[in-house]
Amino acid sequence: MKYRNELIEGRGSKKLPFLLFLCTENVDMSKRILITGGAGFIGSHVVRLFVQQYPAYQIVNLDCLTYAGNLANLKDIEQSPNYFFEKVNILDVPALEQVFKKYDITDVLHLAAESHVDRSIVSPLDFVYTNVIGTVNLLNTAKTYWKENLAEHRFYHISTDEVYGTLGDTGLFTEQTPYAPNSPYSASKASSDHFVRAYHETYHLPVVISNCSNNYGPFHFPEKLIPLFINNIIHQKPLPVYGDGKNTRDWLYVIDHARAIDVVFHQGKNGETYNIGGFNEWKNIDLVQLLCRLMDEKLGRDPGTSARLITYVKDRPGHDLRYAIDATKINRELGWKPSVTFEEGLSKTIDWYLDNKEWLEQVTSGDYQHYYEKMYHQS
Ligand code: NAD
Ligand code: TYD
């Protein structure tokens with residue numbers, strides 16, 4: 001298992017052909033999979049896993065490269081013979097149709113999205129366009145292109161636990177929890193989930209959906225809590241905790257999410273939803289304290305140095321109190337469970353950011369400065 005994870009993380013490629021032969025024995029060799037949003041945070045890990053683990057598949061990464069999309073996330077696999085990239089916006093239907101035709105696409109893993117809650121509060125329509133209309137464009141393109149033999153294909157929609165809204169102090173989100181999205185982001189994802197489900201009911205499109213909790217790990221854009229705070233700690237800048245810091249999230253290492261996506265794609269049942277989570281709840285302030293402690297150790301700073309940067313700021317409007325996933329179904333039916341503890345995953349993540357300062361500098365130059373000023377220095 002350790003070696004398998006090294007492959008997925010982009011290391012240890014010398015023994016690749018032999019191991020991949022072992023892994024692909026039972027795999028249909030003729031899949032040509034479209035992965036949307038493959039240049040983003042989670043998408044890049046999914047692309048890497050599929051390219052490395054399934055050399056007989058053709059993997060087509062379709063991404064329009066917004067501020068969040070970065071081909072540097074895929075440098076280690078971009079030369080692989082089974083990897084292809086298409087710079088296309090999912091709002092451009094003729095371009096989508098062309099890509100389906102060019103590669104004779106057999107399956108879709110749909111991750112392209114506007115993904116940041118704070119941006120959705122400022123510009124909700126961007127989220128309607130990409131997350132809702134873009135998803136419907138993809139559904140239509142797939143349905144039309146696959147119409148002769150629909151049942152042989154699969155449309156896998158990757159979604160979020162935020163569609164369920166917020167929990168109080170107790171309870172977990174299950175696949176039966178009613179949708180109650182509170183932010184424009186989660187409302188747009190909920191809407192896209194409903195369309196995917198409706199295409200299954202109405203047109204018999206073979207679909208599967210997963211709803212995952214908060215991810216963290218390498219290549220995470222530093223607008224989200226963990227990478228933003230890592231970057232600020234490195235530069236000894238204030239750490240802006242929203243509200244009282246008691247909001248709670250269920251954190252999952254991104255490579256474990258990619259592993260879950262692999263399992264759901266290959267073994268999930270059509271028309272089903274699978275919740276994915278880490279059984280790993282943290283109040284924001286406790287997580288930030290842990291991050292500060294680990295980073296002081298790794299940076300050789302005196303204990304308490306980074307914690308002094310914590311600054312409580314105005315709360316996010318409509319800030320969901322608590323997310324927590326019941327991942328029993330995917331565990332029981334498909335045998336998936338997280339492979340790393342939070343302390344291990346967080347430590348690996350910090351190490352990755354400290355070892356990849358160039359990546360961090362590249363993504364925090366230019367527009368990022370403008371975003372940061374607007375977001376955190378206006379009151
Ligand atoms: P991200 O913002 O890092 O990446 C999104 C990618 O989509 C980027 O590469 C971007 O260029 C691309 N994209 C955006 N609009 C596009 C368009 N119109 N056409 C083509 N490409 C476009 O997002 P992420 O965190 O990697 O999330 C990926 C998916 O997983 C999203 O659907 C998100 O809702 C879901 N998800 C994320 C999390 C999380 O914690 N990050 C948790 C659960 C589910
Ligand atoms: P985020 O990473 O934006 O994910 P999401 O809102 O999708 O859960 O935020 C995680 C938690 O951290 C959330 O409760 C909001 C909080 N947060 C802050 O306190 N300060 C920040 O600067 C950011 C970006 C988030």
# chains A, B, ... in the order shown; residues from 1 in each chain; ligands from 1
>>> residues_around(residues="Phe84 of chain A", least_positions_apart="5", cutoff="10 Å", atoms="only C-alpha atoms", output="ChimeraX atom specification")
/A:34,51,58-62,78-79,103
>>> write_last_selection(atoms="all heavy atoms", output="CSV table (one decimal), in the first residue's frame")
chain,number,residue,atom,x,y,z
A,34,LEU,N,-12.9,11.7,-19.8
A,34,LEU,CA,-12.8,13.1,-19.7
A,34,LEU,C,-12.9,13.5,-18.3
A,34,LEU,O,-13.9,13.2,-17.6
A,34,LEU,CB,-14.0,13.8,-20.5
A,34,LEU,CG,-14.0,15.3,-20.6
A,34,LEU,CD1,-12.9,15.7,-21.6
A,34,LEU,CD2,-15.3,15.8,-21.1
A,51,VAL,N,-3.9,8.6,-14.5
A,51,VAL,CA,-2.9,8.5,-15.5
A,51,VAL,C,-1.8,7.4,-15.1
A,51,VAL,O,-1.4,6.6,-15.9
A,51,VAL,CB,-2.2,9.9,-15.7
A,51,VAL,CG1,-0.8,9.7,-16.5
A,51,VAL,CG2,-3.1,10.8,-16.5
A,58,GLN,N,-7.1,6.4,-21.7
A,58,GLN,CA,-6.7,7.7,-22.2
A,58,GLN,C,-7.4,8.7,-21.3
A,58,GLN,O,-8.6,8.7,-21.1
A,58,GLN,CB,-7.1,7.9,-23.6
A,58,GLN,CG,-6.2,7.1,-24.6
A,58,GLN,CD,-6.6,7.4,-26.0
A,58,GLN,OE1,-7.1,8.5,-26.4
A,58,GLN,NE2,-6.4,6.4,-26.9
A,59,ILE,N,-6.6,9.6,-20.7
A,59,ILE,CA,-7.1,10.6,-19.7
A,59,ILE,C,-7.1,12.0,-20.4
A,59,ILE,O,-6.0,12.5,-20.7
A,59,ILE,CB,-6.3,10.6,-18.4
A,59,ILE,CG1,-6.3,9.2,-17.8
A,59,ILE,CG2,-6.8,11.6,-17.5
A,59,ILE,CD1,-7.7,8.6,-17.5
A,60,VAL,N,-8.2,12.6,-20.6
A,60,VAL,CA,-8.3,13.9,-21.2
A,60,VAL,C,-8.7,14.9,-20.2
A,60,VAL,O,-9.8,14.9,-19.6
A,60,VAL,CB,-9.3,13.9,-22.4
A,60,VAL,CG1,-9.3,15.3,-23.1
A,60,VAL,CG2,-9.1,12.8,-23.4
A,61,ASN,N,-7.8,15.8,-19.8
A,61,ASN,CA,-8.0,16.8,-18.9
A,61,ASN,C,-8.6,18.0,-19.6
A,61,ASN,O,-7.9,18.7,-20.4
A,61,ASN,CB,-6.7,17.2,-18.2
A,61,ASN,CG,-6.8,18.4,-17.2
A,61,ASN,OD1,-7.8,18.8,-16.9
A,61,ASN,ND2,-5.6,18.9,-16.9
A,62,LEU,N,-9.8,18.4,-19.3
A,62,LEU,CA,-10.5,19.5,-19.9
A,62,LEU,C,-10.6,20.6,-18.8
A,62,LEU,O,-11.3,20.4,-17.8
A,62,LEU,CB,-11.9,19.1,-20.4
A,62,LEU,CG,-12.7,20.2,-21.1
A,62,LEU,CD1,-13.6,19.6,-22.2
A,62,LEU,CD2,-13.5,21.1,-20.2
A,78,GLU,N,2.8,15.3,-17.2
A,78,GLU,CA,2.3,15.9,-18.5
A,78,GLU,C,2.9,15.2,-19.7
A,78,GLU,O,2.3,15.3,-20.8
A,78,GLU,CB,2.5,17.4,-18.5
A,78,GLU,CG,4.0,17.8,-18.6
A,78,GLU,CD,4.2,19.3,-18.5
A,78,GLU,OE1,3.2,20.1,-18.4
A,78,GLU,OE2,5.4,19.7,-18.5
A,79,GLN,N,4.0,14.5,-19.6
A,79,GLN,CA,4.6,13.8,-20.7
A,79,GLN,C,4.1,12.4,-20.9
A,79,GLN,O,4.5,11.7,-21.8
A,79,GLN,CB,6.1,13.8,-20.6
A,79,GLN,CG,6.8,15.1,-20.5
A,79,GLN,CD,6.5,16.0,-21.8
A,79,GLN,OE1,6.3,15.5,-22.9
A,79,GLN,NE2,6.5,17.3,-21.6
A,103,TYR,N,-11.8,12.5,-29.0
A,103,TYR,CA,-11.3,11.4,-28.2
A,103,TYR,C,-12.2,10.2,-28.1
A,103,TYR,O,-11.9,9.2,-27.5
A,103,TYR,CB,-10.9,11.9,-26.8
A,103,TYR,CG,-9.8,13.0,-26.8
A,103,TYR,CD1,-10.1,14.3,-26.8
A,103,TYR,CD2,-8.5,12.6,-26.9
A,103,TYR,CE1,-9.2,15.3,-26.8
A,103,TYR,CE2,-7.5,13.6,-26.9
A,103,TYR,CZ,-7.8,14.9,-26.9
A,103,TYR,OH,-6.9,15.9,-26.9
>>> residues_near_ligand(ligand="ligand 1", cutoff="6 Å", atoms="only C-alpha atoms and all ligand atoms", output="ChimeraX atom specification")
/A:37-43,63-66,68-69,88-91,111-115,130,158-160,212-215
>>> select_by_dssp(residues="segment 88-257 of chain A", states="strand (DSSP E or B)", output="PyMOL selection string")
chain A and resi 107-110+154-160+173+207-212+214-216+239-242+248-253
>>> residues_near_ligand(ligand="ligand 2", cutoff="7 Å", atoms="only C-alpha atoms and all ligand atoms", output="MDAnalysis selection string")
chainID A and resid 116:118 214 223:226 228 240:242 245 247:249 284 319:320
>>> select_by_dssp(residues="segment 22-262 of chain A", states="alpha helix (DSSP H)", output="count of residues only")
87
>>> closest_atom_pairs(of="segment 59-154 of chain A", to="segment 196-200 of chain A", cutoff="9 Å", atoms="only C-alpha atoms", output="Markdown table")
| residue | atom | partner | partner_atom | distance |
| --- | --- | --- | --- | --- |
| A:Thr135 | CA | A:Val196 | CA | 8.0 |
| A:Val136 | CA | A:Val196 | CA | 7.9 |
| A:Leu139 | CA | A:Val196 | CA | 7.3 |
| A:Asn140 | CA | A:Tyr199 | CA | 8.8 |
| A:Lys143 | CA | A:Tyr199 | CA | 8.6 |
>>> write_last_selection(atoms="N, CA, C and O atoms", output="PDB file, in the first residue's frame")
ATOM      1  N   THR A 135     -22.534  22.360 -15.971  1.00  0.00           N
ATOM      2  CA  THR A 135     -22.841  20.941 -15.708  1.00  0.00           C
ATOM      3  C   THR A 135     -23.927  20.442 -16.667  1.00  0.00           C
ATOM      4  O   THR A 135     -23.822  19.331 -17.213  1.00  0.00           O
ATOM      5  N   VAL A 136     -24.947  21.280 -16.884  1.00  0.00           N
ATOM      6  CA  VAL A 136     -26.018  20.862 -17.802  1.00  0.00           C
ATOM      7  C   VAL A 136     -25.465  20.736 -19.230  1.00  0.00           C
ATOM      8  O   VAL A 136     -25.819  19.805 -19.967  1.00  0.00           O
ATOM      9  N   LEU A 139     -23.813  17.399 -19.329  1.00  0.00           N
ATOM     10  CA  LEU A 139     -24.811  16.319 -19.331  1.00  0.00           C
ATOM     11  C   LEU A 139     -25.422  16.164 -20.727  1.00  0.00           C
ATOM     12  O   LEU A 139     -25.542  15.047 -21.244  1.00  0.00           O
ATOM     13  N   ASN A 140     -25.771  17.308 -21.330  1.00  0.00           N
ATOM     14  CA  ASN A 140     -26.368  17.255 -22.677  1.00  0.00           C
ATOM     15  C   ASN A 140     -25.411  16.668 -23.695  1.00  0.00           C
ATOM     16  O   ASN A 140     -25.792  15.843 -24.532  1.00  0.00           O
ATOM     17  N   LYS A 143     -25.074  12.921 -23.078  1.00  0.00           N
ATOM     18  CA  LYS A 143     -26.329  12.214 -23.433  1.00  0.00           C
ATOM     19  C   LYS A 143     -26.443  12.082 -24.953  1.00  0.00           C
ATOM     20  O   LYS A 143     -26.797  11.019 -25.470  1.00  0.00           O
TER      21      LYS A 143
END
>>> residues_around(residues="segment 148-152 of chain A", least_positions_apart="6", cutoff="10 Å", atoms="only C-alpha atoms", output="number ranges by chain")
A: 106-107, 142, 203-207, 270
>>> residues_around(residues="Asp256 of chain A", least_positions_apart="2", cutoff="8 Å", atoms="only C-alpha atoms", output="JSON, numbers by chain")
{"A": [252, 253, 254, 258, 259, 260, 337, 338, 339, 340]}
>>> residues_around(residues="Glu333 of chain A", least_positions_apart="4", cutoff="12 Å", atoms="only C-alpha atoms", output="PDB file with N, CA, C and O atoms, in the first residue's frame")
ATOM      1  N   VAL A 263     -12.532   4.505  -6.570  1.00  0.00           N
ATOM      2  CA  VAL A 263     -13.387   3.391  -6.131  1.00  0.00           C
ATOM      3  C   VAL A 263     -14.842   3.605  -6.575  1.00  0.00           C
ATOM      4  O   VAL A 263     -15.491   2.684  -7.089  1.00  0.00           O
ATOM      5  N   VAL A 264     -15.365   4.809  -6.402  1.00  0.00           N
ATOM      6  CA  VAL A 264     -16.759   5.085  -6.786  1.00  0.00           C
ATOM      7  C   VAL A 264     -16.898   4.972  -8.307  1.00  0.00           C
ATOM      8  O   VAL A 264     -17.880   4.404  -8.810  1.00  0.00           O
ATOM      9  N   GLN A 267     -16.616   1.102  -9.023  1.00  0.00           N
ATOM     10  CA  GLN A 267     -17.491   0.131  -8.339  1.00  0.00           C
ATOM     11  C   GLN A 267     -18.838   0.677  -7.904  1.00  0.00           C
ATOM     12  O   GLN A 267     -19.698  -0.083  -7.452  1.00  0.00           O
ATOM     13  N   GLY A 268     -19.008   2.017  -7.966  1.00  0.00           N
ATOM     14  CA  GLY A 268     -20.269   2.610  -7.514  1.00  0.00           C
ATOM     15  C   GLY A 268     -21.425   2.161  -8.394  1.00  0.00           C
ATOM     16  O   GLY A 268     -21.240   1.789  -9.550  1.00  0.00           O
ATOM     17  N   LYS A 269     -22.650   2.221  -7.800  1.00  0.00           N
ATOM     18  CA  LYS A 269     -23.841   1.784  -8.549  1.00  0.00           C
ATOM     19  C   LYS A 269     -24.484   2.972  -9.231  1.00  0.00           C
ATOM     20  O   LYS A 269     -24.599   4.050  -8.634  1.00  0.00           O
ATOM     21  N   GLU A 272     -26.667   6.160  -7.731  1.00  0.00           N
ATOM     22  CA  GLU A 272     -26.424   6.254  -6.277  1.00  0.00           C
ATOM     23  C   GLU A 272     -25.565   7.470  -5.928  1.00  0.00           C
ATOM     24  O   GLU A 272     -24.808   7.988  -6.756  1.00  0.00           O
ATOM     25  N   THR A 273     -25.707   7.860  -4.673  1.00  0.00           N
ATOM     26  CA  THR A 273     -24.859   8.906  -4.093  1.00  0.00           C
ATOM     27  C   THR A 273     -23.986   8.279  -3.019  1.00  0.00           C
ATOM     28  O   THR A 273     -24.451   7.408  -2.281  1.00  0.00           O
ATOM     29  N   TYR A 274     -22.735   8.714  -2.934  1.00  0.00           N
ATOM     30  CA  TYR A 274     -21.830   8.242  -1.870  1.00  0.00           C
ATOM     31  C   TYR A 274     -21.263   9.442  -1.136  1.00  0.00           C
ATOM     32  O   TYR A 274     -20.699  10.348  -1.762  1.00  0.00           O
ATOM     33  N   ASN A 275     -21.420   9.467   0.172  1.00  0.00           N
ATOM     34  CA  ASN A 275     -20.781  10.506   0.985  1.00  0.00           C
ATOM     35  C   ASN A 275     -19.346  10.077   1.292  1.00  0.00           C
ATOM     36  O   ASN A 275     -19.096   8.911   1.644  1.00  0.00           O
ATOM     37  N   ALA A 327     -19.575   8.501   6.542  1.00  0.00           N
ATOM     38  CA  ALA A 327     -19.041   7.815   5.364  1.00  0.00           C
ATOM     39  C   ALA A 327     -19.205   6.299   5.472  1.00  0.00           C
ATOM     40  O   ALA A 327     -18.444   5.524   4.881  1.00  0.00           O
ATOM     41  N   THR A 328     -20.228   5.868   6.202  1.00  0.00           N
ATOM     42  CA  THR A 328     -20.429   4.434   6.414  1.00  0.00           C
ATOM     43  C   THR A 328     -20.734   3.707   5.103  1.00  0.00           C
ATOM     44  O   THR A 328     -20.251   2.593   4.875  1.00  0.00           O
ATOM     45  N   LYS A 329     -21.540   4.334   4.239  1.00  0.00           N
ATOM     46  CA  LYS A 329     -21.985   3.631   3.029  1.00  0.00           C
ATOM     47  C   LYS A 329     -20.794   3.278   2.113  1.00  0.00           C
ATOM     48  O   LYS A 329     -20.654   2.128   1.683  1.00  0.00           O
ATOM     49  N   LYS A 337     -11.719   3.599   2.958  1.00  0.00           N
ATOM     50  CA  LYS A 337     -11.580   4.395   4.184  1.00  0.00           C
ATOM     51  C   LYS A 337     -10.322   5.264   4.046  1.00  0.00           C
ATOM     52  O   LYS A 337      -9.446   4.957   3.222  1.00  0.00           O
TER      53      LYS A 337
END
>>> atom_distance(atom1="atom CA of Glu201 of chain A", atom2="atom CA of Gly271 of chain A")
8.2 Å
>>> closest_residue(among="A:Leu49, A:Ala56, A:Ala190, A:Ile121", to="Asp76 of chain A", atoms="only C-alpha atoms")
A:Leu49
>>> decode(residues="segment 75-150 of chain A", atoms="C-alpha atoms", output="short mmCIF file (atom, residue, chain, number, x, y, z; two decimals), in the first residue's frame")
data_model
loop_
_atom_site.label_atom_id
_atom_site.label_comp_id
_atom_site.auth_asym_id
_atom_site.auth_seq_id
_atom_site.Cartn_x
_atom_site.Cartn_y
_atom_site.Cartn_z
CA LYS A 75 4.18 18.81 -14.38
CA ASP A 76 5.24 15.32 -13.27
CA ILE A 77 2.76 13.52 -15.54
CA GLU A 78 2.28 15.90 -18.49
CA GLN A 79 4.58 13.82 -20.71
CA SER A 80 2.73 10.55 -20.05
CA PRO A 81 1.53 8.95 -23.31
CA ASN A 82 -2.01 8.46 -21.97
CA TYR A 83 -2.44 12.11 -20.84
CA PHE A 84 -4.04 14.83 -22.98
CA PHE A 85 -5.00 18.41 -22.19
CA GLU A 86 -7.74 20.54 -23.75
CA LYS A 87 -8.14 24.19 -22.76
CA VAL A 88 -11.91 24.44 -23.01
CA ASN A 89 -14.63 26.21 -21.02
CA ILE A 90 -17.60 24.01 -20.10
CA LEU A 91 -19.83 26.91 -21.16
CA ASP A 92 -18.63 26.41 -24.77
CA VAL A 93 -20.92 23.65 -26.08
CA PRO A 94 -19.43 23.30 -29.62
CA ALA A 95 -15.97 22.92 -28.07
CA LEU A 96 -17.29 20.24 -25.68
CA GLU A 97 -18.86 18.35 -28.59
CA GLN A 98 -15.58 18.52 -30.47
CA VAL A 99 -13.64 17.07 -27.53
CA PHE A 100 -16.13 14.18 -27.16
CA LYS A 101 -15.71 13.44 -30.87
CA LYS A 102 -11.94 13.90 -31.02
CA TYR A 103 -11.26 11.40 -28.22
CA ASP A 104 -14.44 9.32 -28.53
CA ILE A 105 -15.05 9.92 -24.81
CA THR A 106 -16.50 6.93 -22.94
CA ASP A 107 -16.79 8.34 -19.40
CA VAL A 108 -16.82 11.67 -17.57
CA LEU A 109 -15.45 12.62 -14.16
CA HIS A 110 -16.80 16.12 -13.63
CA LEU A 111 -14.86 18.31 -11.19
CA ALA A 112 -14.73 21.68 -12.98
CA ALA A 113 -16.37 24.28 -10.79
CA GLU A 114 -16.09 27.62 -9.10
CA SER A 115 -15.27 26.33 -5.64
CA HIS A 116 -14.73 29.13 -3.10
CA VAL A 117 -17.60 30.17 -0.82
CA ASP A 118 -16.24 33.69 -0.22
CA ARG A 119 -16.04 34.38 -3.98
CA SER A 120 -19.59 33.05 -4.40
CA ILE A 121 -20.82 35.66 -1.91
CA VAL A 122 -19.25 38.40 -4.05
CA SER A 123 -20.12 37.01 -7.53
CA PRO A 124 -22.94 34.42 -7.33
CA LEU A 125 -23.65 34.46 -11.06
CA ASP A 126 -20.19 33.11 -11.92
CA PHE A 127 -21.20 30.06 -9.86
CA VAL A 128 -24.52 29.71 -11.66
CA TYR A 129 -22.78 29.82 -15.04
CA THR A 130 -20.02 27.30 -14.41
CA ASN A 131 -21.54 25.05 -11.75
CA VAL A 132 -25.13 24.88 -13.01
CA ILE A 133 -25.13 25.73 -16.72
CA GLY A 134 -21.70 24.21 -17.31
CA THR A 135 -22.84 20.94 -15.71
CA VAL A 136 -26.02 20.86 -17.80
CA ASN A 137 -23.92 21.50 -20.93
CA LEU A 138 -21.79 18.50 -20.08
CA LEU A 139 -24.81 16.32 -19.33
CA ASN A 140 -26.37 17.25 -22.68
CA THR A 141 -23.16 16.63 -24.59
CA ALA A 142 -22.68 13.22 -22.96
CA LYS A 143 -26.33 12.21 -23.43
CA THR A 144 -26.25 13.12 -27.12
CA TYR A 145 -22.85 11.63 -27.85
CA TRP A 146 -23.61 8.36 -26.04
CA LYS A 147 -27.19 7.97 -27.26
CA GLU A 148 -26.58 4.72 -29.19
CA ASN A 149 -25.29 2.82 -26.16
CA LEU A 150 -25.97 4.92 -23.06
#
